[in-house]
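Text of final02.cif, listed as mmCIF, C-alpha atoms:
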data_final
loop_
_atom_site.label_atom_id
_atom_site.label_comp_id
_atom_site.auth_asym_id
_atom_site.auth_seq_id
_atom_site.Cartn_x
_atom_site.Cartn_y
_atom_site.Cartn_z
CA MET I 15 0.20 0.01 26.44
CA SER I 16 -2.15 -2.65 27.80
CA ASN I 17 -4.79 -2.05 25.11
CA ASP I 18 -2.31 -2.39 22.23
CA ALA I 19 -3.28 -5.09 19.76
CA VAL I 20 -0.25 -7.34 19.49
CA ILE I 21 0.74 -10.15 17.16
CA VAL I 22 1.81 -13.28 18.99
CA ASP I 23 2.28 -15.60 16.02
CA VAL I 24 1.55 -16.13 12.32
CA VAL I 25 1.44 -19.43 10.46
CA ARG I 26 0.68 -20.43 6.89
CA THR I 27 0.54 -23.43 4.62
CA PRO I 28 2.92 -23.73 1.69
CA SER I 29 1.58 -22.21 -1.52
CA GLY I 30 0.22 -24.86 -3.87
CA ARG I 31 -0.51 -24.34 -7.53
CA GLY I 32 -4.20 -23.61 -7.80
CA LYS I 33 -5.09 -26.12 -10.48
CA PRO I 34 -5.94 -29.83 -10.61
CA GLY I 35 -2.86 -31.79 -9.64
CA GLY I 36 -1.43 -28.95 -7.55
CA ALA I 37 0.30 -29.97 -4.33
CA LEU I 38 -2.65 -28.95 -2.13
CA SER I 39 -5.49 -29.54 -4.59
CA SER I 40 -6.62 -32.73 -2.84
CA VAL I 41 -7.20 -30.91 0.46
CA HIS I 42 -10.63 -29.42 1.20
CA PRO I 43 -10.32 -25.65 1.87
CA ALA I 44 -11.94 -26.00 5.32
CA ASP I 45 -9.31 -28.60 6.18
CA LEU I 46 -6.52 -26.32 4.92
CA LEU I 47 -7.72 -23.55 7.20
CA ALA I 48 -8.31 -25.96 10.08
CA GLY I 49 -4.66 -27.00 9.85
CA VAL I 50 -3.27 -23.53 10.45
CA LEU I 51 -5.83 -22.75 13.15
CA GLY I 52 -4.92 -25.90 15.05
CA GLU I 53 -1.20 -25.25 14.69
CA LEU I 54 -1.55 -21.66 15.86
CA VAL I 55 -3.11 -22.57 19.21
CA ALA I 56 -1.02 -25.74 19.68
CA ARG I 57 2.38 -24.16 19.30
CA ASN I 58 1.44 -21.30 21.61
CA ASP I 59 -0.09 -23.67 24.18
CA LEU I 60 -3.30 -21.66 24.03
CA ASP I 61 -6.64 -23.05 25.18
CA PRO I 62 -8.85 -22.39 22.11
CA ALA I 63 -11.78 -21.74 24.46
CA LEU I 64 -10.10 -18.39 25.22
CA VAL I 65 -10.51 -17.22 21.62
CA ASP I 66 -13.27 -14.59 21.50
CA ASP I 67 -13.72 -14.74 17.73
CA VAL I 68 -12.17 -16.08 14.53
CA ILE I 69 -12.40 -13.69 11.57
CA GLY I 70 -11.53 -15.23 8.21
CA GLY I 71 -11.12 -13.97 4.68
CA CYS I 72 -12.29 -15.83 1.58
CA VAL I 73 -13.17 -14.43 -1.84
CA SER I 74 -15.08 -17.20 -3.63
CA GLN I 75 -17.59 -18.10 -0.93
CA VAL I 76 -19.41 -20.78 -2.92
CA GLY I 77 -19.31 -24.55 -3.07
CA GLU I 78 -16.69 -25.95 -0.71
CA GLN I 79 -15.95 -22.44 0.56
CA SER I 80 -19.54 -21.56 1.35
CA TYR I 81 -21.58 -21.78 4.54
CA ASN I 82 -19.12 -19.65 6.55
CA VAL I 83 -15.95 -21.63 5.87
CA THR I 84 -14.22 -19.99 8.87
CA ARG I 85 -16.70 -21.47 11.35
CA THR I 86 -16.45 -24.85 9.63
CA ALA I 87 -12.66 -24.71 9.84
CA LEU I 88 -12.45 -23.81 13.51
CA LEU I 89 -14.80 -26.64 14.41
CA SER I 90 -12.79 -28.96 12.18
CA ALA I 91 -9.69 -27.86 14.11
CA GLY I 92 -11.28 -29.04 17.34
CA PHE I 93 -12.10 -25.64 18.83
CA PRO I 94 -14.99 -25.69 21.33
CA ASP I 95 -18.35 -25.03 19.72
CA SER I 96 -18.58 -21.90 21.91
CA VAL I 97 -15.99 -20.17 19.67
CA PRO I 98 -17.68 -18.11 16.93
CA GLY I 99 -16.34 -17.41 13.47
CA THR I 100 -17.22 -15.24 10.50
CA THR I 101 -16.05 -15.01 6.91
CA ILE I 102 -15.59 -11.67 5.14
CA ASP I 103 -14.88 -10.62 1.56
CA ARG I 104 -12.80 -7.57 0.74
CA GLN I 105 -11.56 -9.33 -2.36
CA CYS I 106 -7.78 -9.89 -2.40
CA GLY I 107 -7.39 -8.03 0.90
CA SER I 108 -9.92 -10.16 2.78
CA SER I 109 -7.61 -11.58 5.44
CA GLN I 110 -5.70 -8.30 5.76
CA GLN I 111 -9.06 -6.74 6.55
CA ALA I 112 -9.77 -9.63 8.93
CA ALA I 113 -6.57 -8.80 10.80
CA ALA I 114 -7.51 -5.11 10.91
CA PHE I 115 -10.99 -5.89 12.25
CA ALA I 116 -9.48 -8.24 14.83
CA ALA I 117 -6.89 -5.72 16.01
CA GLN I 118 -9.39 -2.88 16.08
CA GLY I 119 -11.70 -5.07 18.17
CA VAL I 120 -8.89 -5.59 20.67
CA ILE I 121 -8.08 -1.88 20.79
CA ALA I 122 -11.77 -1.08 21.33
CA GLY I 123 -11.99 -3.59 24.17
CA ALA I 124 -14.40 -5.93 22.38
CA TYR I 125 -11.88 -8.79 22.22
CA ASP I 126 -9.06 -10.08 24.41
CA VAL I 127 -7.95 -12.91 22.12
CA VAL I 128 -8.87 -13.19 18.45
CA ILE I 129 -7.59 -15.03 15.39
CA ALA I 130 -7.53 -13.50 11.92
CA CYS I 131 -7.10 -15.91 9.05
CA GLY I 132 -7.90 -16.68 5.44
CA VAL I 133 -8.16 -19.45 2.89
CA GLU I 134 -8.57 -19.95 -0.83
CA SER I 135 -8.46 -23.19 -2.78
CA MET I 136 -8.37 -21.94 -6.35
CA SER I 137 -7.97 -25.48 -7.67
CA ARG I 138 -11.23 -26.66 -6.08
CA VAL I 139 -13.21 -23.39 -6.22
CA PRO I 140 -11.97 -21.71 -9.41
CA LEU I 141 -11.63 -17.95 -9.71
CA GLY I 142 -14.97 -16.50 -10.80
CA SER I 143 -17.05 -19.31 -9.35
CA SER I 144 -19.08 -16.77 -7.39
CA VAL I 145 -20.71 -15.43 -10.56
CA GLY I 146 -20.93 -18.72 -12.45
CA VAL I 147 -19.49 -19.69 -15.82
CA GLY I 148 -20.71 -19.97 -19.37
CA GLU I 149 -24.50 -19.89 -19.75
CA TYR I 150 -24.82 -19.86 -15.97
CA ARG I 151 -22.77 -16.67 -15.52
CA GLN I 152 -24.65 -13.95 -13.65
CA ASP I 153 -24.22 -10.17 -13.70
CA PRO I 154 -22.92 -9.15 -10.25
CA PHE I 155 -23.45 -5.42 -10.85
CA GLY I 156 -27.04 -4.53 -11.78
CA SER I 157 -28.49 -1.67 -13.79
CA LEU I 158 -27.46 1.23 -11.54
CA MET I 159 -23.80 0.23 -11.62
CA HIS I 160 -23.91 -0.02 -15.40
CA GLU I 161 -25.55 3.40 -15.58
CA ARG I 162 -22.76 4.92 -13.50
CA TYR I 163 -20.04 3.26 -15.59
CA PRO I 164 -21.51 3.17 -19.11
CA LYS I 165 -18.19 2.31 -20.72
CA GLY I 166 -18.18 -0.89 -18.72
CA LEU I 167 -15.85 -2.44 -16.17
CA VAL I 168 -13.09 -4.93 -16.90
CA ASN I 169 -11.30 -7.82 -15.25
CA GLN I 170 -8.14 -7.24 -13.25
CA GLY I 171 -5.87 -8.35 -16.08
CA VAL I 172 -7.18 -5.60 -18.33
CA SER I 173 -6.84 -3.14 -15.45
CA ALA I 174 -3.19 -4.14 -15.23
CA GLU I 175 -2.80 -3.50 -18.95
CA LEU I 176 -4.36 -0.04 -18.54
CA ILE I 177 -1.92 0.68 -15.71
CA ASN I 178 1.01 -0.35 -17.92
CA GLN I 179 -0.23 2.07 -20.54
CA LYS I 180 -0.80 4.97 -18.12
CA TRP I 181 2.59 4.66 -16.42
CA GLY I 182 4.55 3.66 -19.51
CA LEU I 183 5.72 0.27 -18.26
CA ASP I 184 7.21 -2.03 -20.87
CA ARG I 185 7.39 -5.81 -21.07
CA ASP I 186 11.08 -5.99 -20.15
CA GLU I 187 10.48 -4.02 -16.94
CA LEU I 188 7.53 -6.22 -15.97
CA ASP I 189 9.39 -9.46 -16.65
CA ALA I 190 12.50 -8.24 -14.83
CA PHE I 191 10.43 -7.57 -11.72
CA ALA I 192 8.78 -10.98 -12.00
CA ALA I 193 12.16 -12.69 -12.30
CA ARG I 194 13.34 -10.73 -9.25
CA SER I 195 10.38 -12.06 -7.26
CA HIS I 196 11.29 -15.67 -8.01
CA GLN I 197 15.00 -15.10 -7.37
CA LEU I 198 14.40 -13.41 -4.00
CA ALA I 199 11.87 -16.04 -2.92
CA ALA I 200 14.15 -18.90 -3.96
CA ALA I 201 17.06 -17.37 -2.05
CA ALA I 202 14.87 -16.84 1.03
CA ALA I 203 13.63 -20.43 0.87
CA ALA I 204 17.18 -21.73 0.52
CA ARG I 205 18.22 -19.77 3.63
CA GLY I 206 15.27 -21.19 5.57
CA ASP I 207 13.68 -17.75 5.96
CA PHE I 208 10.14 -19.13 5.70
CA GLY I 209 10.68 -21.85 8.28
CA ARG I 210 9.01 -20.07 11.18
CA GLU I 211 5.84 -19.27 9.25
CA LEU I 212 5.42 -22.52 7.28
CA LEU I 213 3.29 -25.46 8.38
CA SER I 214 3.77 -28.72 6.51
CA ILE I 215 0.52 -30.20 5.21
CA THR I 216 -0.19 -33.90 4.83
CA THR I 217 -2.55 -34.55 1.93
CA PRO I 218 -5.17 -37.34 1.95
CA ASP I 219 -2.79 -39.71 0.13
CA GLY I 220 -0.09 -39.16 2.76
CA THR I 221 2.10 -36.77 0.76
CA ILE I 222 3.81 -34.17 2.94
CA VAL I 223 3.90 -30.69 1.39
CA SER I 224 6.50 -28.57 3.15
CA ALA I 225 7.66 -26.01 0.57
CA ASP I 226 6.07 -23.44 -1.72
CA GLU I 227 5.25 -25.10 -5.03
CA THR I 228 4.90 -21.77 -6.82
CA ILE I 229 8.56 -20.66 -6.58
CA ARG I 230 10.54 -21.26 -9.77
CA ALA I 231 14.18 -20.73 -8.91
CA GLY I 232 15.35 -20.82 -12.53
CA THR I 233 13.09 -18.01 -13.75
CA THR I 234 14.85 -15.42 -15.88
CA VAL I 235 13.78 -12.49 -18.02
CA GLU I 236 14.70 -14.59 -21.04
CA SER I 237 12.49 -17.50 -19.98
CA LEU I 238 9.56 -15.15 -19.36
CA ALA I 239 9.95 -13.37 -22.69
CA GLY I 240 8.40 -16.24 -24.65
CA LEU I 241 5.08 -16.20 -22.79
CA LYS I 242 2.05 -14.85 -24.60
CA PRO I 243 -0.33 -12.18 -23.21
CA ALA I 244 -2.91 -13.75 -20.93
CA PHE I 245 -5.83 -11.35 -21.33
CA TYR I 246 -5.81 -10.43 -25.03
CA SER I 247 -8.93 -11.08 -27.08
CA GLU I 248 -10.13 -9.63 -30.35
CA LYS I 249 -13.16 -8.14 -28.61
CA LEU I 250 -11.04 -6.41 -25.97
CA ALA I 251 -8.53 -5.28 -28.60
CA GLN I 252 -11.35 -3.50 -30.42
CA ARG I 253 -12.42 -1.84 -27.19
CA PHE I 254 -8.87 -0.87 -26.18
CA PRO I 255 -7.01 -0.46 -29.49
CA ASP I 256 -4.00 1.32 -27.95
CA LEU I 257 -3.01 -1.39 -25.46
CA ASP I 258 0.23 -3.31 -26.04
CA TRP I 259 -0.98 -6.43 -24.12
CA GLN I 260 2.03 -7.18 -21.92
CA ILE I 261 0.49 -9.07 -18.97
CA THR I 262 1.42 -12.76 -19.12
CA PRO I 263 1.18 -15.69 -16.71
CA GLY I 264 4.83 -14.99 -15.90
CA ASN I 265 4.45 -11.41 -14.66
CA SER I 266 1.17 -12.14 -12.84
CA SER I 267 0.56 -13.97 -9.58
CA PRO I 268 -0.38 -17.62 -10.17
CA LEU I 269 -3.63 -19.28 -9.17
CA THR I 270 -2.87 -20.60 -5.70
CA ASP I 271 -4.14 -22.82 -2.89
CA GLY I 272 -3.31 -21.88 0.68
CA ALA I 273 -4.36 -20.80 4.15
CA SER I 274 -2.84 -18.64 6.88
CA ALA I 275 -3.69 -17.36 10.36
CA THR I 276 -2.41 -14.92 12.98
CA LEU I 277 -2.95 -14.87 16.74
CA ILE I 278 -3.84 -11.38 17.98
CA MET I 279 -4.55 -10.27 21.54
CA SER I 280 -4.29 -7.36 23.91
CA ALA I 281 -0.86 -6.74 25.38
CA ALA I 282 -2.34 -7.23 28.84
CA ARG I 283 -3.80 -10.65 27.99
CA ALA I 284 -0.54 -11.75 26.37
CA GLU I 285 1.27 -10.88 29.60
CA GLN I 286 -1.30 -12.78 31.67
CA LEU I 287 -0.89 -15.85 29.47
CA GLY I 288 2.91 -15.67 29.51
CA LEU I 289 3.09 -15.12 25.74
CA THR I 290 5.65 -12.81 24.14
CA PRO I 291 4.23 -10.32 21.61
CA ARG I 292 6.29 -10.11 18.43
CA ALA I 293 4.79 -6.87 17.07
CA ARG I 294 1.96 -4.45 17.59
CA PHE I 295 -0.49 -2.97 15.13
CA HIS I 296 0.50 0.67 14.67
CA SER I 297 -1.88 2.10 12.04
CA PHE I 298 -4.63 1.15 9.62
CA ALA I 299 -6.10 2.58 6.44
CA VAL I 300 -8.54 1.47 3.79
CA THR I 301 -9.57 3.39 0.71
CA GLY I 302 -11.58 3.14 -2.46
CA SER I 303 -10.17 3.88 -5.90
CA ASP I 304 -11.17 3.95 -9.57
CA PRO I 305 -12.88 0.59 -10.25
CA LEU I 306 -11.52 0.58 -13.81
CA LEU I 307 -7.92 1.07 -12.63
CA MET I 308 -8.81 -1.07 -9.62
CA LEU I 309 -5.24 -2.05 -8.76
CA THR I 310 -3.93 1.44 -7.97
CA GLY I 311 -5.61 1.86 -4.58
CA VAL I 312 -2.35 0.90 -2.86
CA ILE I 313 -1.03 4.38 -3.67
CA PRO I 314 -3.68 6.50 -1.88
CA ALA I 315 -3.96 3.88 0.89
CA THR I 316 -0.25 4.21 1.61
CA ARG I 317 -0.39 7.98 1.56
CA ARG I 318 -3.34 7.91 3.94
CA ILE I 319 -1.73 5.54 6.43
CA LEU I 320 1.57 7.44 6.45
CA ASP I 321 -0.32 10.63 7.19
CA ARG I 322 -2.26 8.97 10.00
CA ALA I 323 0.86 7.36 11.44
CA GLY I 324 2.95 10.53 11.27
CA LEU I 325 5.63 8.59 9.39
CA SER I 326 7.38 8.99 6.05
CA ILE I 327 8.11 6.24 3.55
CA ASP I 328 11.76 6.42 4.65
CA ASP I 329 10.78 5.61 8.25
CA LEU I 330 9.63 2.16 7.14
CA ASP I 331 12.11 -0.72 7.18
CA ALA I 332 10.25 -3.09 4.88
CA TYR I 333 7.15 -3.03 2.72
CA GLU I 334 5.03 -5.85 1.36
CA VAL I 335 3.03 -4.69 -1.65
CA ASN I 336 1.03 -7.57 -3.04
CA GLU I 337 2.24 -8.64 -6.46
CA ALA I 338 -1.11 -9.31 -8.06
CA PHE I 339 0.67 -8.19 -11.23
CA ALA I 340 4.20 -6.81 -11.60
CA CYS I 341 2.85 -3.38 -12.47
CA VAL I 342 1.24 -2.91 -9.04
CA PRO I 343 4.38 -2.70 -6.88
CA LEU I 344 6.26 -0.99 -9.72
CA VAL I 345 3.85 1.97 -9.97
CA TRP I 346 3.52 2.04 -6.17
CA GLN I 347 7.30 2.29 -5.81
CA ARG I 348 7.48 4.98 -8.47
CA GLU I 349 4.68 7.11 -7.01
CA LEU I 350 5.87 6.82 -3.38
CA GLY I 351 9.59 7.16 -4.10
CA ALA I 352 10.14 3.99 -2.08
CA ASP I 353 13.44 2.13 -1.72
CA LEU I 354 13.32 -0.86 -4.07
CA ALA I 355 15.61 -2.85 -1.75
CA LYS I 356 12.92 -2.77 0.98
CA LEU I 357 10.13 -3.82 -1.39
CA ASN I 358 9.06 -7.48 -1.08
CA PRO I 359 12.60 -8.47 -0.04
CA ARG I 360 11.69 -12.17 0.22
CA GLY I 361 9.87 -12.19 -3.08
CA GLY I 362 6.18 -11.55 -3.57
CA ALA I 363 3.02 -13.16 -4.84
CA ILE I 364 4.40 -13.72 -8.34
CA ALA I 365 6.64 -16.34 -6.75
CA LEU I 366 4.97 -17.08 -3.41
CA GLY I 367 1.46 -17.27 -4.79
CA HIS I 368 -1.76 -15.38 -4.24
CA ALA I 369 -4.33 -17.60 -2.53
CA LEU I 370 -6.79 -14.72 -2.55
CA GLY I 371 -8.50 -14.98 0.84
CA SER I 372 -5.27 -16.03 2.55
CA SER I 373 -2.89 -13.47 1.09
CA GLY I 374 -3.36 -10.74 3.70
CA THR I 375 -2.31 -12.83 6.67
CA ARG I 376 0.35 -14.53 4.54
CA LEU I 377 1.93 -11.14 3.82
CA LEU I 378 1.69 -10.21 7.48
CA GLY I 379 3.73 -13.23 8.53
CA THR I 380 6.37 -12.69 5.85
CA LEU I 381 6.67 -9.02 6.81
CA LEU I 382 6.97 -9.79 10.52
CA ASN I 383 9.68 -12.38 9.96
CA GLU I 384 11.60 -9.98 7.73
CA LEU I 385 11.53 -7.26 10.41
CA GLU I 386 12.74 -9.73 13.02
CA ALA I 387 15.54 -11.00 10.80
CA THR I 388 16.82 -7.53 9.94
CA GLY I 389 16.10 -5.73 13.21
CA GLY I 390 13.71 -3.35 11.48
CA ARG I 391 11.11 -1.45 13.45
CA TYR I 392 8.25 -0.50 11.13
CA GLY I 393 6.76 -2.55 8.31
CA LEU I 394 3.99 -1.73 5.84
CA GLN I 395 1.75 -4.11 3.97
CA THR I 396 -0.72 -2.96 1.35
CA MET I 397 -2.91 -4.84 -1.05
CA CYS I 398 -4.98 -3.83 -4.08
CA GLU I 399 -8.49 -5.26 -4.16
CA GLY I 400 -11.11 -6.03 -6.77
CA GLY I 401 -13.63 -3.30 -7.44
CA GLY I 402 -11.10 -0.57 -6.69
CA MET I 403 -10.05 -0.65 -3.03
CA ALA I 404 -6.91 -1.16 -0.97
CA ASN I 405 -5.95 -1.87 2.62
CA ALA I 406 -2.78 -0.65 4.33
CA THR I 407 -1.39 -1.74 7.68
CA ILE I 408 1.72 -0.65 9.58
CA ILE I 409 3.13 -2.93 12.27
CA GLU I 410 5.87 -2.18 14.77
CA ARG I 411 8.23 -4.94 15.80
CA LEU I 412 8.57 -5.35 19.56
#

Take the structure from the file and write it as structure tokens.
Amino acid sequence: MSNDAVIVDVVRTPSGRGKPGGALSSVHPADLLAGVLGELVARNDLDPALVDDVIGGCVSQVGEQSYNVTRTALLSAGFPDSVPGTTIDRQCGSSQQAAAFAAQGVIAGAYDVVIACGVESMSRVPLGSSVGVGEYRQDPFGSLMHERYPKGLVNQGVSAELINQKWGLDRDELDAFAARSHQLAAAAAARGDFGRELLSITTPDGTIVSADETIRAGTTVESLAGLKPAFYSEKLAQRFPDLDWQITPGNSSPLTDGASATLIMSAARAEQLGLTPRARFHSFAVTGSDPLLMLTGVIPATRRILDRAGLSIDDLDAYEVNEAFACVPLVWQRELGADLAKLNPRGGAIALGHALGSSGTRLLGTLLNELEATGGRYGLQTMCEGGGMANATIIERL
């Protein structure tokens, strides 16, 4: 149909370790995002003046990622100053939500051509920068939120521990899934599966970064077993005395630097421009969930989108469930009865990284390329989000 929102292309940077000395740590986040925006229009021979809007995701919108980093990036990429841009925050799902807003705008007739994108430089703008650190840390909630949740809220790592407890996941199961992520990602990289989505980045000192720095091909359950719990503290242990504390840096997604972008337009405009759509957006869902168990929203979000789409889990050919922690896709797979072989078949965020604001459009590109490689028709991506939310998107390969 002419008002279908179609995906023409998706591009991303490699994933750099989000700490000082990481492969992409010397690149300003606006420049990271500018790189993928410029590549997206260049390789599709698209006049950027035709872009109606650029919608970007970013979680820590402070410091170098403040002042509407999406607008800064598109101007840095050489887009005409007539092209607008906005930056949104739906936590880890920010750029997945950006893609949903972009596609929905096309379907509604508000846009003909739009770019959804995202960026996060966790080496330069550390996680938690939005609320400050140490004596400068601020309370983001306020008195009414504390009144509603008098037992207090927790960070995502503790939420993951509570999920492990509720679903009875043990350390061996978590580490085995983490090792699987690295093994699948390493195999995919060796086959060249990421080639179509990856853009090499040249850093200020002239270094060319062309591969994901976060993949560790030699990861095994045995090598992960020696890592200590990442979120244990005596204070938290007193508050949650029954937790086993199994979440480690090895079965969590790493701090990551990266950017990604997708070119979305109406099917009619793609035809006019002589561009070949690769997929169309089929269905959308977003839901809230328990802010204490904030990582479980992927379960009701998936159920909601399947109901809206009139599809079953078995109708889907691949699913990307963001690996914020190993427990998230594991409990999702258990609750939905999903086929493990279709789950993150090229590895997930434990290996490929989780550059927060970029992850949604990164997953979209990986999912699209997997469908094209296997001849699959329908693909699902879903992402848990801070505060207890989740997005779900189904795309159909064309």

Worksheet item: What does the distance between atom CA of I:Thr262 and atom CA of I:Ser135 come to in Å, to one decimal place?
Response: 21.8 Å

Practice prompt. Tell me which protein, DNA and RNA residues are within 7 Å of stretch 329-343 of chain I, counting all atoms listed in the file, leaving out same-chain ones fewer than 3 positions away, and put them as a PyMOL selection string.
Written response: chain I and resi 174+178+188+191-192+265-267+309-310+325-326+346-347+356-358+362-364+377+381+390-397

Worksheet item: Do you know which residues the PyMOL selection byres ((chain I and resi 361) around 7) returns on this file, as a list in words?
Response: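 After applying the PyMOL selection byres ((chain I and resi 361) around 7), what remains is Ser195, His196, Leu198, Ala199, Asn358, Pro359, Arg360, Gly362, Ala365 and Leu366 of chain I.
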
Keeping only C-alpha atoms, take the residues you just selected and write them out as a PDB file, keeping the file's coordinate frame.
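The resulting selection_3.pdb:
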ATOM      1  CA  SER I 195      10.380 -12.060  -7.260  1.00  0.00           C
ATOM      2  CA  HIS I 196      11.290 -15.670  -8.010  1.00  0.00           C
ATOM      3  CA  LEU I 198      14.400 -13.410  -4.000  1.00  0.00           C
ATOM      4  CA  ALA I 199      11.870 -16.040  -2.920  1.00  0.00           C
ATOM      5  CA  ASN I 358       9.060  -7.480  -1.080  1.00  0.00           C
ATOM      6  CA  PRO I 359      12.600  -8.470  -0.040  1.00  0.00           C
ATOM      7  CA  ARG I 360      11.690 -12.170   0.220  1.00  0.00           C
ATOM      8  CA  GLY I 362       6.180 -11.550  -3.570  1.00  0.00           C
ATOM      9  CA  ALA I 365       6.640 -16.340  -6.750  1.00  0.00           C
ATOM     10  CA  LEU I 366       4.970 -17.080  -3.410  1.00  0.00           C
TER      11      LEU I 366
END

Discussion item. List the spatial neighbours of stretch 15-26 of chain I as JSON, numbers by chain - criterion: any atom at most 6 Å away, all atoms listed in the file, same-chain residues fewer than 4 positions off excluded.
Written reply: {"I": [117, 120, 121, 211, 212, 213, 273, 274, 275, 276, 277, 278, 279, 280, 281, 282, 291, 292, 293, 294, 295, 379]}

Fill in: Selection under test: the PyMOL selection byres ((chain I and resi 72-86) around 9); residues as number ranges by chain
I: 42-45, 47-48, 68-71, 87-91, 97-106, 108-109, 131-136, 138-144, 370-372

Worksheet item: So how many Å separate atom CA of I:Ser173 and atom CA of I:Thr316, to one decimal?
Response: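 Atom CA of I:Ser173 sits 19.7 Å away from atom CA of I:Thr316.
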
Given the file shown, determine the residues that the PyMOL selection byres ((chain I and resi 64) around 12) selects; report them as a PDB file with C-alpha atoms, keeping the file's coordinate frame.
ATOM      1  CA  VAL I  55      -3.110 -22.570  19.210  1.00  0.00           C
ATOM      2  CA  ASP I  59      -0.090 -23.670  24.180  1.00  0.00           C
ATOM      3  CA  LEU I  60      -3.300 -21.660  24.030  1.00  0.00           C
ATOM      4  CA  ASP I  61      -6.640 -23.050  25.180  1.00  0.00           C
ATOM      5  CA  PRO I  62      -8.850 -22.390  22.110  1.00  0.00           C
ATOM      6  CA  ALA I  63     -11.780 -21.740  24.460  1.00  0.00           C
ATOM      7  CA  VAL I  65     -10.510 -17.220  21.620  1.00  0.00           C
ATOM      8  CA  ASP I  66     -13.270 -14.590  21.500  1.00  0.00           C
ATOM      9  CA  ASP I  67     -13.720 -14.740  17.730  1.00  0.00           C
ATOM     10  CA  VAL I  68     -12.170 -16.080  14.530  1.00  0.00           C
ATOM     11  CA  PHE I  93     -12.100 -25.640  18.830  1.00  0.00           C
ATOM     12  CA  PRO I  94     -14.990 -25.690  21.330  1.00  0.00           C
ATOM     13  CA  ASP I  95     -18.350 -25.030  19.720  1.00  0.00           C
ATOM     14  CA  SER I  96     -18.580 -21.900  21.910  1.00  0.00           C
ATOM     15  CA  VAL I  97     -15.990 -20.170  19.670  1.00  0.00           C
ATOM     16  CA  PRO I  98     -17.680 -18.110  16.930  1.00  0.00           C
ATOM     17  CA  TYR I 125     -11.880  -8.790  22.220  1.00  0.00           C
ATOM     18  CA  ASP I 126      -9.060 -10.080  24.410  1.00  0.00           C
ATOM     19  CA  VAL I 127      -7.950 -12.910  22.120  1.00  0.00           C
ATOM     20  CA  VAL I 128      -8.870 -13.190  18.450  1.00  0.00           C
ATOM     21  CA  ILE I 129      -7.590 -15.030  15.390  1.00  0.00           C
ATOM     22  CA  LEU I 277      -2.950 -14.870  16.740  1.00  0.00           C
ATOM     23  CA  ILE I 278      -3.840 -11.380  17.980  1.00  0.00           C
ATOM     24  CA  MET I 279      -4.550 -10.270  21.540  1.00  0.00           C
ATOM     25  CA  ARG I 283      -3.800 -10.650  27.990  1.00  0.00           C
ATOM     26  CA  ALA I 284      -0.540 -11.750  26.370  1.00  0.00           C
ATOM     27  CA  LEU I 287      -0.890 -15.850  29.470  1.00  0.00           C
TER      28      LEU I 287
END

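Rounded to one decimal, atom CA of I:Thr270 and atom CA of I:Thr228 lie 7.9 Å from each other.
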
Excluding same-chain residues fewer than 4 positions from stretch 163-168 of chain I, what lies within 10 Å of it counting all atoms listed in the file, as a compact mmCIF listing (two decimals) with C-alpha atoms, in the frame of the given file?
# COMPACT_ATOMS: atom_id res chain seq x y z
CA PHE I 155 -23.45 -5.42 -10.85
CA SER I 157 -28.49 -1.67 -13.79
CA LEU I 158 -27.46 1.23 -11.54
CA MET I 159 -23.80 0.23 -11.62
CA VAL I 172 -7.18 -5.60 -18.33
CA SER I 173 -6.84 -3.14 -15.45
CA LEU I 250 -11.04 -6.41 -25.97
CA ARG I 253 -12.42 -1.84 -27.19
CA PRO I 305 -12.88 0.59 -10.25
CA LEU I 306 -11.52 0.58 -13.81
CA LEU I 307 -7.92 1.07 -12.63
CA MET I 308 -8.81 -1.07 -9.62
CA GLY I 401 -13.63 -3.30 -7.44

Fill in: Residue nearest I:Ile261 - candidates I:Asp328, I:Ala204, I:Glu248, I:Arg185, atoms counted: only C-alpha atoms
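Result for the nearest residue to I:Ile261: I:Arg185.
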
Item to complete: Would you please work out which residue, of I:Ser373, I:Gln197, I:Gln252, I:Ser224, is nearest to I:Gly209 when using all atoms listed in the file?
Response: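 Result for the nearest residue to I:Gly209: I:Ser224.
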
Worksheet entry | Residue among I:Pro263, I:Phe298, I:Trp181, I:Gly171 lying closest to I:Glu349, counting all atoms listed in the file |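 Among the listed residues, I:Trp181 lies closest to I:Glu349.
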
Worksheet entry | Point (-1.4, 4.9, 2.7), cut-off 10 Å, counting only C-alpha atoms, residues as a list in words |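 Every residue inside that radius is included here: Ser297, Phe298, Ala299, Val300, Thr301, Gly311, Val312, Ile313, Pro314, Ala315, Thr316, Arg317, Arg318, Ile319, Leu320, Asp321, Arg322, Ala323, Ile327, Leu350, Leu394, Gln395, Thr396, Ala404, Asn405, Ala406, Thr407 and Ile408 of chain I.
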
Item to complete: Kindly extract all protein, DNA and RNA residues lying within 7 Å of the coordinates (1.2, -11.7, -23.9) given in the file, considering only C-alpha atoms, and supply them as a list in words.
Response: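 The answer, in the requested form, is Leu241, Lys242, Pro243, Ala244, Trp259, Gln260, Ile261 and Thr262 of chain I.
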